[in-house]
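Below is target.txt, which holds compact mmCIF, C-alpha atoms.
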# COMPACT_ATOMS: atom_id res chain seq x y z
CA MET L 1 0.00 0.00 0.00
CA ARG L 2 2.79 2.40 0.92
CA LYS L 3 4.74 1.68 -2.25
CA ARG L 4 1.72 2.31 -4.46
CA LEU L 5 0.96 5.57 -2.68
CA LEU L 6 4.52 6.82 -2.97
CA ILE L 7 4.67 6.07 -6.69
CA MET L 8 1.44 7.99 -7.24
CA LEU L 9 2.51 10.96 -5.12
CA LEU L 10 6.02 11.23 -6.49
CA ALA L 11 4.70 11.31 -10.03
CA THR L 12 3.43 14.81 -9.33
CA ALA L 13 5.95 16.06 -6.78
CA VAL L 14 9.66 16.70 -6.64
CA ILE L 15 11.43 14.82 -3.88
CA ALA L 16 12.56 17.27 -1.26
CA THR L 17 16.12 17.17 -0.08
CA GLY L 18 17.03 17.37 3.57
CA GLY L 19 14.69 14.62 4.84
CA CYS L 20 14.54 13.38 8.39
CA GLY L 21 17.30 12.63 10.83
CA LYS L 22 20.51 14.06 9.41
CA SER L 23 23.71 14.22 11.40
CA SER L 24 24.94 17.75 11.97
CA SER L 25 28.58 18.72 12.45
CA GLY L 26 28.46 22.52 12.25
CA GLU L 27 29.81 24.52 15.18
CA GLY L 28 26.76 26.76 15.33
CA ASP L 29 23.98 24.20 14.98
CA ALA L 30 23.74 20.96 16.98
CA LYS L 31 27.45 20.51 17.84
CA GLY L 32 27.66 17.09 16.22
CA LYS L 33 24.36 15.77 17.57
CA SER L 34 22.02 13.77 15.35
CA GLU L 35 19.08 15.94 14.35
CA ILE L 36 15.47 14.94 14.91
CA GLU L 37 12.52 16.97 13.68
CA LEU L 38 9.43 17.25 15.88
CA PHE L 39 6.54 18.46 13.71
CA SER L 40 3.63 19.86 15.72
CA SER L 41 0.12 20.89 14.75
CA LYS L 42 -0.74 22.94 17.84
CA SER L 43 0.12 26.60 18.09
CA GLU L 44 -1.38 26.68 21.61
CA ASN L 45 1.30 24.44 23.10
CA GLN L 46 4.26 25.68 21.06
CA GLU L 47 5.89 27.79 23.76
CA PHE L 48 5.76 25.14 26.47
CA LEU L 49 6.62 22.32 24.09
CA GLN L 50 9.71 24.30 23.09
CA THR L 51 10.63 24.54 26.76
CA LEU L 52 10.53 20.75 27.09
CA VAL L 53 12.46 20.30 23.84
CA ASP L 54 15.18 22.63 25.13
CA GLU L 55 15.40 20.71 28.38
CA TYR L 56 15.75 17.43 26.50
CA ASN L 57 18.46 18.82 24.23
CA GLU L 58 20.42 20.18 27.17
CA GLY L 59 20.09 16.96 29.14
CA GLN L 60 21.92 14.63 26.76
CA ASP L 61 24.66 14.92 24.13
CA GLN L 62 23.54 12.54 21.36
CA PHE L 63 20.42 14.06 19.79
CA GLN L 64 19.15 17.51 18.89
CA VAL L 65 15.38 17.81 18.59
CA THR L 66 14.10 20.74 16.54
CA LEU L 67 10.48 21.81 16.95
CA ASN L 68 8.64 22.80 13.77
CA ALA L 69 5.11 24.14 14.30
CA PRO L 70 3.96 25.86 11.08
CA ALA L 71 0.63 27.54 10.54
CA ASP L 72 -1.90 25.22 8.84
CA ALA L 73 0.21 22.23 9.84
CA GLU L 74 -2.13 19.61 8.35
CA THR L 75 -1.85 21.15 4.88
CA VAL L 76 1.92 21.52 5.22
CA LEU L 77 2.19 17.89 6.30
CA LYS L 78 0.17 16.61 3.33
CA THR L 79 2.40 18.61 0.98
CA ARG L 80 5.53 17.20 2.59
CA LEU L 81 4.24 13.65 2.41
CA ALA L 82 3.60 14.13 -1.29
CA LYS L 83 7.25 15.13 -1.68
CA GLY L 84 8.57 12.27 0.40
CA ASP L 85 9.80 14.74 3.03
CA ILE L 86 8.51 13.03 6.15
CA PRO L 87 9.05 14.49 9.63
CA ASP L 88 10.71 12.23 12.17
CA ILE L 89 8.05 12.71 14.86
CA LEU L 90 4.55 14.09 14.57
CA ALA L 91 2.89 15.70 17.59
CA PHE L 92 -0.64 15.97 16.15
CA ASN L 93 -4.22 15.78 17.30
CA TYR L 94 -6.34 12.90 16.08
CA SER L 95 -8.56 14.60 13.53
CA ASN L 96 -10.41 13.46 10.41
CA VAL L 97 -7.30 14.38 8.41
CA THR L 98 -4.82 12.49 10.59
CA ARG L 99 -7.13 9.48 10.74
CA GLU L 100 -6.52 9.10 7.01
CA ILE L 101 -2.85 10.07 7.04
CA LEU L 102 -2.06 7.36 9.58
CA GLN L 103 -3.26 4.79 7.05
CA ASP L 104 -0.87 5.95 4.32
CA GLY L 105 1.97 3.58 5.25
CA PHE L 106 4.55 6.13 6.39
CA TRP L 107 4.48 5.40 10.11
CA VAL L 108 5.92 2.93 12.61
CA ASP L 109 3.63 0.40 14.28
CA MET L 110 4.17 1.06 17.99
CA ASN L 111 1.77 -1.55 19.33
CA GLU L 112 4.51 -3.82 20.72
CA ASP L 113 6.88 -1.00 21.64
CA PRO L 114 7.41 -0.44 25.40
CA LEU L 115 6.42 3.20 24.88
CA ALA L 116 2.84 2.10 24.20
CA GLN L 117 2.55 0.85 27.77
CA TYR L 118 2.29 4.43 28.97
CA CYS L 119 -0.93 5.04 27.02
CA TYR L 120 -4.45 4.16 28.14
CA ASP L 121 -5.86 1.24 26.18
CA GLU L 122 -9.11 3.02 25.30
CA TYR L 123 -7.28 5.79 23.46
CA LYS L 124 -5.05 3.30 21.68
CA ASN L 125 -8.14 1.39 20.61
CA MET L 126 -9.60 4.56 19.07
CA ILE L 127 -6.59 4.75 16.77
CA LYS L 128 -6.55 1.04 16.03
CA ALA L 129 -10.24 1.07 15.12
CA ASP L 130 -9.44 3.07 11.97
CA ASN L 131 -6.93 0.57 10.62
CA LYS L 132 -7.75 -0.64 7.14
CA GLU L 133 -5.26 -3.49 6.96
CA ASP L 134 -3.72 -4.50 10.31
CA SER L 135 -6.29 -4.25 13.09
CA ASP L 136 -3.63 -4.45 15.81
CA ALA L 137 -1.29 -1.79 14.44
CA LEU L 138 -0.83 1.36 16.50
CA TYR L 139 0.45 4.26 14.41
CA GLY L 140 0.18 6.91 17.12
CA LEU L 141 0.84 7.09 20.85
CA PRO L 142 -1.93 9.04 22.63
CA TYR L 143 -0.51 11.63 25.02
CA ALA L 144 -2.95 14.43 25.91
CA ALA L 145 -6.72 14.54 25.56
CA ASN L 146 -9.66 16.88 25.73
CA ALA L 147 -13.21 16.01 26.71
CA GLY L 148 -16.72 17.37 26.78
CA GLY L 149 -19.49 17.51 29.31
CA VAL L 150 -21.62 19.86 31.33
CA ILE L 151 -19.95 22.98 32.69
CA TYR L 152 -21.73 24.22 35.80
CA ASN L 153 -21.56 27.06 38.29
CA VAL L 154 -20.62 25.34 41.55
CA ASP L 155 -21.73 28.18 43.81
CA LYS L 156 -25.14 28.47 42.17
CA PHE L 157 -25.66 24.70 42.48
CA GLU L 158 -24.72 24.76 46.16
CA GLU L 159 -26.85 27.79 46.94
CA ALA L 160 -29.86 26.09 45.33
CA GLY L 161 -29.11 22.76 47.02
CA LEU L 162 -28.77 20.94 43.70
CA ASP L 163 -27.16 17.53 43.22
CA ILE L 164 -25.21 16.51 40.13
CA PRO L 165 -27.64 14.54 37.93
CA GLN L 166 -26.66 10.95 37.22
CA THR L 167 -29.28 10.07 34.59
CA TRP L 168 -30.98 11.75 31.63
CA ASP L 169 -34.29 12.03 33.48
CA GLU L 170 -32.57 13.66 36.46
CA PHE L 171 -30.77 16.04 34.10
CA ILE L 172 -33.97 17.23 32.43
CA ASP L 173 -35.89 17.34 35.73
CA LEU L 174 -33.18 19.62 37.08
CA ALA L 175 -33.46 21.92 34.05
CA LYS L 176 -37.26 21.92 34.32
CA THR L 177 -37.14 22.88 38.01
CA LEU L 178 -34.72 25.72 37.36
CA LYS L 179 -36.85 27.09 34.51
CA GLU L 180 -40.01 26.92 36.60
CA ASN L 181 -38.19 28.96 39.24
CA GLY L 182 -37.39 31.67 36.71
CA GLU L 183 -33.75 30.65 36.27
CA THR L 184 -31.75 29.98 33.08
CA PRO L 185 -30.67 26.31 33.11
CA PHE L 186 -28.49 26.35 29.95
CA LEU L 187 -26.56 29.11 28.20
CA PHE L 188 -25.82 28.40 24.53
CA PRO L 189 -23.76 30.51 22.08
CA PHE L 190 -25.13 29.08 18.84
CA LYS L 191 -24.29 32.22 16.91
CA ASP L 192 -20.98 30.34 16.65
CA ILE L 193 -22.63 27.16 15.42
CA TRP L 194 -19.68 24.87 16.15
CA THR L 195 -20.72 25.08 19.79
CA ALA L 196 -24.05 23.41 18.94
CA LYS L 197 -22.24 20.28 17.84
CA HIS L 198 -21.20 19.52 21.39
CA PRO L 199 -24.52 18.65 23.02
CA PHE L 200 -25.53 16.86 19.81
CA VAL L 201 -22.43 14.68 19.51
CA TYR L 202 -22.36 13.85 23.23
CA LEU L 203 -25.86 12.44 22.82
CA GLU L 204 -24.90 10.77 19.56
CA ALA L 205 -21.83 9.01 20.94
CA ILE L 206 -23.92 7.11 23.47
CA MET L 207 -27.21 6.68 21.62
CA GLN L 208 -26.41 5.93 17.99
CA PRO L 209 -26.28 2.30 16.78
CA ASP L 210 -23.06 0.33 17.12
CA ASN L 211 -20.75 0.59 14.09
CA PHE L 212 -22.82 3.48 12.75
CA GLU L 213 -19.90 5.26 11.07
CA ALA L 214 -18.71 2.22 9.13
CA ASP L 215 -22.25 1.19 8.19
CA ARG L 216 -23.17 4.72 7.09
CA LYS L 217 -20.09 4.99 4.87
CA ALA L 218 -20.91 1.58 3.40
CA GLY L 219 -24.46 2.68 2.61
CA LYS L 220 -25.98 0.18 5.03
CA THR L 221 -27.78 2.73 7.18
CA THR L 222 -28.78 6.40 7.30
CA TYR L 223 -29.30 9.17 9.84
CA VAL L 224 -32.98 9.00 8.98
CA GLY L 225 -34.32 6.08 10.95
CA THR L 226 -31.51 6.00 13.52
CA HIS L 227 -31.07 9.52 14.90
CA GLU L 228 -34.61 10.74 15.56
CA GLU L 229 -34.42 10.26 19.34
CA ILE L 230 -30.98 11.90 19.43
CA ALA L 231 -32.30 14.94 17.57
CA ASP L 232 -35.39 15.04 19.79
CA ARG L 233 -33.27 15.08 22.94
CA PHE L 234 -31.13 17.83 21.48
CA LEU L 235 -34.27 19.94 21.04
CA THR L 236 -35.33 19.10 24.59
CA ILE L 237 -32.13 20.71 25.84
CA LEU L 238 -32.88 23.79 23.75
CA ASP L 239 -36.24 24.06 25.50
CA TYR L 240 -34.32 25.01 28.65
CA ALA L 241 -31.86 27.46 27.09
CA GLN L 242 -32.01 31.24 27.04
CA ASP L 243 -34.27 32.76 24.38
CA ASP L 244 -31.46 34.22 22.24
CA TYR L 245 -29.35 31.08 21.91
CA MET L 246 -29.02 31.65 18.14
CA GLY L 247 -27.78 35.21 18.63
CA LEU L 248 -25.22 34.83 21.42
CA SER L 249 -21.54 34.46 20.52
CA TYR L 250 -19.06 32.09 22.15
CA SER L 251 -17.05 34.96 23.64
CA ASP L 252 -20.09 36.76 25.01
CA ALA L 253 -21.52 33.52 26.42
CA ASN L 254 -18.33 32.80 28.34
CA LYS L 255 -18.44 36.28 29.85
CA ALA L 256 -22.12 35.95 30.70
CA PHE L 257 -21.62 32.56 32.29
CA ALA L 258 -18.65 33.87 34.26
CA ASN L 259 -20.96 36.55 35.66
CA GLY L 260 -23.49 33.97 36.87
CA GLU L 261 -26.18 34.38 34.21
CA ALA L 262 -26.90 30.65 33.92
CA TYR L 263 -26.38 27.38 35.74
CA MET L 264 -24.92 25.22 32.96
CA MET L 265 -23.24 25.15 29.56
CA ILE L 266 -22.49 22.09 27.43
CA ASN L 267 -19.06 22.15 25.82
CA GLY L 268 -15.48 21.03 26.38
CA ASN L 269 -12.82 21.52 29.05
CA TRP L 270 -11.20 24.19 26.86
CA VAL L 271 -14.02 26.58 27.81
CA ILE L 272 -13.07 26.77 31.48
CA PRO L 273 -9.90 28.86 31.00
CA GLU L 274 -11.97 31.32 28.93
CA ILE L 275 -14.53 31.61 31.71
CA LYS L 276 -11.74 32.14 34.25
CA LYS L 277 -10.26 34.90 32.10
CA ALA L 278 -13.58 36.72 32.24
CA ASN L 279 -13.98 36.20 35.99
CA PRO L 280 -11.19 34.50 37.96
CA ASP L 281 -13.53 34.17 40.95
CA CYS L 282 -16.14 32.15 39.08
CA ASN L 283 -16.35 28.75 40.78
CA VAL L 284 -16.87 26.46 37.82
CA SER L 285 -16.58 22.72 37.32
CA MET L 286 -17.74 19.95 34.96
CA PHE L 287 -19.60 16.67 35.09
CA ALA L 288 -20.16 14.01 32.44
CA MET L 289 -23.31 14.61 30.43
CA PRO L 290 -25.78 11.95 31.66
CA VAL L 291 -27.19 10.67 28.39
CA SER L 292 -28.47 7.32 29.62
CA ASN L 293 -30.91 6.53 32.41
CA ASN L 294 -28.48 3.82 33.45
CA PRO L 295 -25.55 5.64 35.13
CA GLU L 296 -23.24 2.72 34.33
CA GLU L 297 -23.73 3.34 30.60
CA ASN L 298 -22.70 6.97 30.69
CA LYS L 299 -19.30 7.86 29.31
CA VAL L 300 -17.28 10.97 28.59
CA SER L 301 -16.94 12.04 24.97
CA THR L 302 -13.30 12.73 24.30
CA GLY L 303 -10.65 13.24 21.65
CA ILE L 304 -6.87 12.86 21.39
CA ASP L 305 -5.42 16.35 21.50
CA VAL L 306 -1.78 15.26 21.09
CA MET L 307 -0.33 11.95 19.95
CA PHE L 308 3.20 11.06 18.91
CA THR L 309 3.77 9.33 15.56
CA LEU L 310 7.11 8.06 14.24
CA SER L 311 8.22 8.02 10.61
CA LYS L 312 9.45 4.69 9.19
CA ASP L 313 12.17 6.67 7.41
CA CYS L 314 13.57 8.28 10.53
CA GLU L 315 17.34 7.74 10.51
CA ASN L 316 17.67 8.30 14.26
CA MET L 317 14.94 5.99 15.53
CA ASP L 318 16.61 5.46 18.89
CA GLY L 319 16.80 9.19 19.45
CA ALA L 320 13.21 9.77 18.39
CA LYS L 321 11.99 7.10 20.79
CA ASP L 322 14.21 8.48 23.52
CA PHE L 323 12.59 11.90 23.16
CA ILE L 324 9.09 10.40 23.31
CA ASP L 325 10.13 8.43 26.39
CA PHE L 326 11.33 11.70 27.93
CA MET L 327 7.92 13.25 27.26
CA MET L 328 6.13 10.24 28.77
CA GLN L 329 7.99 10.41 32.08
CA LYS L 330 6.04 11.62 35.11
CA GLU L 331 7.70 15.01 35.52
CA GLN L 332 7.39 16.12 31.91
CA ALA L 333 3.95 14.60 31.36
CA GLN L 334 2.50 16.18 34.49
CA ARG L 335 3.98 19.57 33.70
CA TYR L 336 2.51 19.38 30.21
CA MET L 337 -0.99 18.52 31.47
CA ASP L 338 -0.84 21.29 34.06
CA ASP L 339 0.44 23.95 31.67
CA GLN L 340 -2.01 23.08 28.88
CA PHE L 341 -4.98 22.33 31.13
CA ALA L 342 -5.09 19.01 29.30
CA LEU L 343 -6.53 15.68 30.33
CA SER L 344 -3.95 12.92 30.45
CA ALA L 345 -4.04 9.97 28.04
CA VAL L 346 -1.00 8.42 29.76
CA ASN L 347 -0.73 6.67 33.10
CA THR L 348 2.24 8.74 34.28
CA ALA L 349 0.22 11.94 34.70
CA THR L 350 -3.25 13.11 35.63
CA GLN L 351 -5.31 16.27 35.72
CA GLU L 352 -6.10 17.21 39.31
CA ASP L 353 -7.71 20.59 38.74
CA PRO L 354 -11.07 20.25 40.55
CA SER L 355 -12.93 21.80 37.63
CA VAL L 356 -12.19 18.81 35.39
CA SER L 357 -10.91 16.08 37.70
CA VAL L 358 -14.20 14.18 37.35
CA LEU L 359 -13.58 13.88 33.60
CA GLN L 360 -10.06 12.63 34.28
CA ASP L 361 -11.54 9.98 36.57
CA TYR L 362 -13.76 8.76 33.73
CA ILE L 363 -10.68 8.54 31.51
CA SER L 364 -8.66 6.65 34.11
CA ASP L 365 -11.57 4.22 34.56
CA GLY L 366 -11.84 3.65 30.80
CA LYS L 367 -15.37 5.09 30.57
CA ILE L 368 -14.83 7.10 27.40
CA CYS L 369 -16.04 7.28 23.81
CA MET L 370 -14.69 9.18 20.82
CA PHE L 371 -16.23 12.50 19.83
CA ALA L 372 -18.99 11.49 17.42
CA ASP L 373 -18.25 14.33 15.01
CA MET L 374 -15.16 12.35 14.00
CA GLN L 375 -17.52 10.22 11.88
CA ILE L 376 -18.35 13.22 9.67
CA PRO L 377 -16.48 12.86 6.34
CA ASN L 378 -13.99 15.49 5.19
CA GLY L 379 -15.78 18.28 3.36
CA MET L 380 -19.18 17.63 4.86
CA ASP L 381 -20.89 20.84 5.97
CA PHE L 382 -22.58 19.47 9.06
CA ASP L 383 -22.55 22.89 10.71
CA SER L 384 -24.94 24.42 8.18
CA ALA L 385 -27.40 21.54 8.61
CA LEU L 386 -27.28 21.90 12.39
CA SER L 387 -27.63 25.68 12.19
CA GLN L 388 -30.72 25.41 10.01
CA PHE L 389 -32.16 22.80 12.38
CA CYS L 390 -31.74 25.15 15.34
CA LEU L 391 -33.13 28.11 13.40
CA ASN L 392 -36.16 26.15 12.24
CA TYR L 393 -36.99 25.08 15.76
CA SER L 394 -36.35 28.50 17.32
CA ASN L 395 -38.62 30.07 14.69
CA GLY L 396 -41.51 27.79 15.59
CA MET L 397 -41.31 24.91 13.11
CA ASP L 398 -43.11 21.76 14.26
CA ARG L 399 -40.73 19.56 16.22
CA ASP L 400 -41.16 16.40 14.13
CA GLU L 401 -40.93 18.35 10.88
CA ALA L 402 -37.71 20.07 12.01
CA ILE L 403 -36.17 16.73 12.95
CA SER L 404 -37.22 15.11 9.68
CA GLN L 405 -35.77 17.93 7.55
CA PHE L 406 -32.54 17.99 9.56
CA LEU L 407 -31.78 14.29 9.30
CA ALA L 408 -32.60 14.20 5.58
CA ASP L 409 -30.27 17.17 5.08
CA VAL L 410 -27.49 15.45 7.02
CA ASP L 411 -27.85 12.28 4.94
CA GLU L 412 -27.68 14.28 1.71
CA LYS L 413 -24.59 16.21 2.83
CA PHE L 414 -22.95 12.99 4.04
CA ASP L 415 -23.44 11.25 0.68
CA THR L 416 -22.19 14.30 -1.23
CA ALA L 417 -19.01 14.45 0.86
CA ILE L 418 -18.35 10.72 0.44
CA ALA L 419 -18.74 11.01 -3.33
CA GLN L 420 -16.39 13.99 -3.48
CA ASN L 421 -13.75 12.15 -1.44
CA GLN L 422 -13.67 9.12 -3.72
Could you show the structure in this file as structure tokens?
Amino acid sequence: MRKRLLIMLLATAVIATGGCGKSSSGEGDAKGKSEIELFSSKSENQEFLQTLVDEYNEGQDQFQVTLNAPADAETVLKTRLAKGDIPDILAFNYSNVTREILQDGFWVDMNEDPLAQYCYDEYKNMIKADNKEDSDALYGLPYAANAGGVIYNVDKFEEAGLDIPQTWDEFIDLAKTLKENGETPFLFPFKDIWTAKHPFVYLEAIMQPDNFEADRKAGKTTYVGTHEEIADRFLTILDYAQDDYMGLSYSDANKAFANGEAYMMINGNWVIPEIKKANPDCNVSMFAMPVSNNPEENKVSTGIDVMFTLSKDCENMDGAKDFIDFMMQKEQAQRYMDDQFALSAVNTATQEDPSVSVLQDYISDGKICMFADMQIPNGMDFDSALSQFCLNYSNGMDRDEAISQFLADVDEKFDTAIAQNQ
């Protein structure tokens, strides 16, 4: 598979010189150390990642790791792969793009490598599940994660004597009680429609049929006929949101929530630092969204924010693995999670911040599922379908009619994207 892909790519690209892992002997560069390129997709962690890279380089005299974190890293990576210019180590999130790239034959199978023992099995299984040829191959080592759930104002909950709901019925009963008392249960910033995906995909991850993604891509099933209850529950949540949920922006919602204007939001752990920026005194935390009425079935929707992937063509494989091992060690891993407010996908670190520690507990216990929007094909405009769905409902369209139109629209957009990707 890899040979065929390379032949096809190289027919339209010039092979770039200066590939991975060259030995450097210049006085001003790496002082004779073997060079290793670390190619990162995250601008948010660049400064701290560079700090760790510098510490690694200063702590040994064999290898020199160079961090490369360009803008639009996924596009740059695809261009480099087409030229045969493959970075030694990737530090990428697990996105729709990288799900495909990992199947292109360029990467080392780390399943039997001792480094894989640091990573939680559930995250490794997410990566393995996408394999097209070898079901046991592991082409990325999960490192840091993010997760979604219900963000809530701790002080408002305590003042009202509210318990954290453990089931769907308890969740909606809580929202109903708050609304009846003149309070705002949920604050939603659907002017930025990407935020609407979160409550929808958290429901979807638990409620949709097993193997839905594979069956949908194979034409064996559709959203129509399988997602009606999911869409109905999504609208139920909207029934307990503020009136202007389609007009409020993400930034303004974070500020409003920080000032105590609602009890709950539904989004990811990345929202909490934004709330704290708006009001450092806001006592905020998260709990797993209780989708099922059986508490044992509830899981946290999560994604791999950083994973390490090794090139098969890396000339300094020992050095590349040594750097990853350095990053996996307790001191470095814990510092990374703390600095980035990340959830840990490795057993050498954790996230103890009380605002998200419950989500970390779910991860440590293996009660996780992959963000369901990962099943959306590249190029599919799911956001516009979801936006129209929300607008239709907020403007008074009949509930069943809104659901029917939405799911038909999603199926049409899904099929169009699949056809365009072939």
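The nearest approach to Ala372 in chain L among the residues L:Tyr336, L:Tyr118, L:Trp270, L:Tyr202, with only C-alpha atoms taken into account, belongs to L:Tyr202.
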With a distance cut-off of 12 Å and only C-alpha atoms, select the neighbouring residues of Asp163 in chain L, excluding the residue or stretch itself and same-chain residues fewer than 5 positions from it, and output the selection as JSON, numbers by chain.
{"L": [152, 154, 155, 156, 157, 158, 170, 171, 173, 174, 175, 287]}
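Residues with any atom within 8 Å of Ser41 in chain L, counting all atoms listed in the file and excluding same-chain neighbours fewer than 6 positions away, are Ala69, Pro70, Ala71, Asp72, Ala73, Glu74, Ala91, Phe92 and Asn93 of chain L.
Closest to Ile230 in chain L among L:Asp109, L:Leu407, L:Met246, L:Asn146 is L:Leu407, based on all atoms listed in the file.
Closest approach to Leu138 in chain L among L:Asp409, L:Glu159, L:Asp210, L:Asp113 is made by L:Asp113 (distances from all atoms listed in the file).
Residues lying within 7 Å of Phe190 in chain L, counting all atoms listed in the file and ignoring same-chain neighbours fewer than 5 positions away, are Thr195, Ala196, Tyr245, Met246, Gly247, Leu248 and Ser249 of chain L.
With only C-alpha atoms as the atoms that count, the residue of L:Asp305, L:Asp338, L:Asp121, L:Glu228 with the shortest distance to Tyr143 in chain L is L:Asp305.
The two atoms in question, CA of Met286 in chain L and CA of Arg399 in chain L, are spaced 29.7 Å apart.
Atom pair CA of Phe200 in chain L / CA of Ala231 in chain L has a distance of 7.4 Å (rounded to one decimal).
Distance check against Ser43 in chain L using only C-alpha atoms: of L:Val306, L:Ser285, L:Tyr263, L:Leu359, the minimum falls on L:Val306.
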Find the residues around Gly366 in chain L up to 9 Å (all atoms listed in the file counted), leave out those fewer than 2 positions away in its own chain, and share them as a list in words.
Tyr120, Asp121, Glu122, Tyr123, Lys299, Asp361, Tyr362, Ile363, Ser364, Ile368 and Cys369 of chain L
